[in-house]
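Visitor: Dumping the structure here so I can ask a few things about it.
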Amino acid sequence: QYNTVQHVVFGIHDFSKAMAYKITPEGWIDELETFFNILTMEARVKGKGVIGGVEVLLTPNSLPDSCVEKKDIRRWLDLHGDDASRHVYAHAQRETAMGLTGKQVITPNHINVCKVAFTPSPNAIEKDVSILKAAIEADALLS
């Protein structure tokens with residue numbers, strides 16, 4: 001009915017308030033997982049993406065732009081990360097695994113951490129391209 005709508009945004013704080021459901025900054029993804037799954041299924045049936053919940057944890061440090069591989073962010077979190085950054089990254093990874101297409105953030109310090117979780121790394125892309133090329137060369141793709 002609304003052709004211009006491409007994504008559904010799950011307003012986790014509005015939803016939990018309307019449902020009188022208590023959520024915590026660190027645990028909301030577990031506390032709302034059932035609702036995320038229902039929303040994601042309904043949106044996907046309609047051909048729409050789902051933007052995940054907004055983080056309210058404030059992170060004092062920002063992941064450098066040069067950290068694009070999963071190993072880079074793990075190293076950065078070990079050396080410079082704080083609990084809030086670890087939670088934001090863990091939530092973004094879960095939302096990616098749940099099939100969500102993006103995430104809301106309230107501070108620039110969240111952007112790169114979430115981008116790494118939602119974006120394939122250059123090494124992962126290179127590996128996938130090489131597999132695809134090998135399959136094409138071997139005429140192994142079904143068409």
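Residue numbering restarts at 1 for every chain of the structure tokens, chains are lettered A, B, ... in their displayed order, and ligands are numbered from 1 as they appear.
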Based on DSSP run over this structure's backbone, return all residues of chain A in strand (DSSP E), as a PDB file with C-alpha atoms, in the first residue's frame.

Guide:
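Generated output (result13.pdb):
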ATOM      1  CA  HIS A   7      12.268  -0.388   5.805  1.00  0.00           C
ATOM      2  CA  VAL A   8      10.375  -0.747   9.055  1.00  0.00           C
ATOM      3  CA  VAL A   9      11.982   0.840  12.107  1.00  0.00           C
ATOM      4  CA  GLY A  49      13.826  -4.417   5.537  1.00  0.00           C
ATOM      5  CA  VAL A  50      13.949  -3.884   9.279  1.00  0.00           C
ATOM      6  CA  ILE A  51      16.062  -1.289  11.076  1.00  0.00           C
ATOM      7  CA  GLY A  52      17.035  -2.450  14.544  1.00  0.00           C
ATOM      8  CA  GLY A 102      20.385  -1.651   9.636  1.00  0.00           C
ATOM      9  CA  LYS A 103      20.565  -0.096  13.063  1.00  0.00           C
TER      10      LYS A 103
END

Visitor: Find the residues near Gly81 of chain A: any atom within 10 Å, counting only C-alpha atoms, skip ones fewer than 3 places away on the same chain, and give them as a count of residues only.

Guide: 14

Visitor: Could you work out how far atom CA of Asn112 of chain A lies from atom CA of Leu39 of chain A, giving the answer in Å with one decimal?

Guide: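 Separation of atom CA of Leu39 of chain A and atom CA of Asn112 of chain A: 25.6 Å.
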
Visitor: Give the answer as one residue: which of A:Ala135, A:Leu142, A:Cys67, A:Ala97 has the shortest atom-to-atom distance to Ser121 of chain A, using only C-alpha atoms?

Guide: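 Comparing A:Ala135, A:Leu142, A:Cys67, A:Ala97 against Ser121 of chain A, the winner is A:Cys67.
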
Visitor: Could you list, as a list in words, every residue within 10 Å of segment 19-26 of chain A, counting only C-alpha atoms and ignoring same-chain residues fewer than 6 positions away?

Guide: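 Near neighbours after the sequence-gap exclusion: Ile12, His13, Leu32, Val54, Glu55, Val56, Leu57, Asp83, Ala84, Arg86, His87, Val88, Ala90 and His91 of chain A.
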
Visitor: Using only N, CA, C and O atoms, please write the residues we just selected to a file, as a PDB file, in the first residue's frame.

Guide:
ATOM      1  N   ILE A  12      12.108   0.482  19.790  1.00  0.00           N
ATOM      2  CA  ILE A  12      12.091  -0.409  20.953  1.00  0.00           C
ATOM      3  C   ILE A  12      11.635   0.289  22.230  1.00  0.00           C
ATOM      4  O   ILE A  12      10.968  -0.323  23.070  1.00  0.00           O
ATOM      5  N   HIS A  13      11.967   1.555  22.372  1.00  0.00           N
ATOM      6  CA  HIS A  13      11.589   2.256  23.599  1.00  0.00           C
ATOM      7  C   HIS A  13      10.110   2.639  23.583  1.00  0.00           C
ATOM      8  O   HIS A  13       9.422   2.487  24.600  1.00  0.00           O
ATOM      9  N   LEU A  32      13.573  -8.382  23.872  1.00  0.00           N
ATOM     10  CA  LEU A  32      12.616  -8.107  22.787  1.00  0.00           C
ATOM     11  C   LEU A  32      12.795  -9.038  21.579  1.00  0.00           C
ATOM     12  O   LEU A  32      12.189  -8.795  20.538  1.00  0.00           O
ATOM     13  N   VAL A  54      17.524   1.304  18.707  1.00  0.00           N
ATOM     14  CA  VAL A  54      18.487   2.373  18.988  1.00  0.00           C
ATOM     15  C   VAL A  54      19.199   2.066  20.296  1.00  0.00           C
ATOM     16  O   VAL A  54      18.596   1.604  21.257  1.00  0.00           O
ATOM     17  N   GLU A  55      20.492   2.303  20.283  1.00  0.00           N
ATOM     18  CA  GLU A  55      21.303   2.101  21.485  1.00  0.00           C
ATOM     19  C   GLU A  55      21.276   3.368  22.330  1.00  0.00           C
ATOM     20  O   GLU A  55      21.417   4.468  21.810  1.00  0.00           O
ATOM     21  N   VAL A  56      21.125   3.198  23.635  1.00  0.00           N
ATOM     22  CA  VAL A  56      21.173   4.352  24.526  1.00  0.00           C
ATOM     23  C   VAL A  56      22.459   4.363  25.346  1.00  0.00           C
ATOM     24  O   VAL A  56      22.702   5.313  26.094  1.00  0.00           O
ATOM     25  N   LEU A  57      23.270   3.332  25.194  1.00  0.00           N
ATOM     26  CA  LEU A  57      24.551   3.295  25.898  1.00  0.00           C
ATOM     27  C   LEU A  57      25.509   4.287  25.237  1.00  0.00           C
ATOM     28  O   LEU A  57      25.686   4.261  24.027  1.00  0.00           O
ATOM     29  N   ASP A  83      32.710  -1.360  28.093  1.00  0.00           N
ATOM     30  CA  ASP A  83      31.548  -2.258  28.138  1.00  0.00           C
ATOM     31  C   ASP A  83      30.437  -1.798  27.199  1.00  0.00           C
ATOM     32  O   ASP A  83      29.805  -2.614  26.536  1.00  0.00           O
ATOM     33  N   ALA A  84      30.203  -0.499  27.137  1.00  0.00           N
ATOM     34  CA  ALA A  84      29.141   0.009  26.266  1.00  0.00           C
ATOM     35  C   ALA A  84      29.444  -0.313  24.804  1.00  0.00           C
ATOM     36  O   ALA A  84      28.559  -0.772  24.070  1.00  0.00           O
ATOM     37  N   ARG A  86      31.266  -2.740  23.648  1.00  0.00           N
ATOM     38  CA  ARG A  86      31.123  -4.187  23.478  1.00  0.00           C
ATOM     39  C   ARG A  86      29.647  -4.577  23.330  1.00  0.00           C
ATOM     40  O   ARG A  86      29.302  -5.421  22.507  1.00  0.00           O
ATOM     41  N   HIS A  87      28.785  -3.952  24.143  1.00  0.00           N
ATOM     42  CA  HIS A  87      27.346  -4.238  24.052  1.00  0.00           C
ATOM     43  C   HIS A  87      26.776  -3.771  22.714  1.00  0.00           C
ATOM     44  O   HIS A  87      26.008  -4.490  22.074  1.00  0.00           O
ATOM     45  N   VAL A  88      27.151  -2.572  22.284  1.00  0.00           N
ATOM     46  CA  VAL A  88      26.645  -2.039  21.007  1.00  0.00           C
ATOM     47  C   VAL A  88      27.058  -2.969  19.862  1.00  0.00           C
ATOM     48  O   VAL A  88      26.244  -3.312  19.001  1.00  0.00           O
ATOM     49  N   ALA A  90      27.938  -6.184  20.056  1.00  0.00           N
ATOM     50  CA  ALA A  90      27.242  -7.472  20.208  1.00  0.00           C
ATOM     51  C   ALA A  90      25.793  -7.371  19.739  1.00  0.00           C
ATOM     52  O   ALA A  90      25.282  -8.271  19.060  1.00  0.00           O
ATOM     53  N   HIS A  91      25.129  -6.272  20.065  1.00  0.00           N
ATOM     54  CA  HIS A  91      23.745  -6.079  19.616  1.00  0.00           C
ATOM     55  C   HIS A  91      23.690  -5.987  18.086  1.00  0.00           C
ATOM     56  O   HIS A  91      22.815  -6.594  17.455  1.00  0.00           O
TER      57      HIS A  91
END

Visitor: Could you state the separation of atom CA of Glu33 of chain A and atom CA of Phe10 of chain A in Å, given to one decimal place?

Guide: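 For atom CA of Glu33 of chain A relative to atom CA of Phe10 of chain A, the distance reads 11.5 Å.
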
Visitor: Which distance in Å separates atom CA of Val105 of chain A and atom CA of Gly53 of chain A, to one decimal?

Guide: 8.2 Å

Visitor: When you look at Ala124 of chain A with a cut-off of 12 Å (counting only C-alpha atoms), what residues show up, excluding the ones that are within fewer than 4 positions of it in the same chain? I need them as a list of chain:residue names.

Guide: A:Val68, A:Glu69, A:Lys70, A:Lys71, A:Val116, A:Thr119, A:Pro120, A:Asp128, A:Val129, A:Ser130, A:Ile131

Visitor: Go through A:Lys17, A:His110, A:Lys127, A:Lys48 one by one, measure the shortest atom-to-atom distance of each to Pro64 of chain A using only C-alpha atoms, and give the residue with the smallest value.

Guide: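 Once distances to Pro64 of chain A are computed over only C-alpha atoms, the minimum belongs to A:His110.
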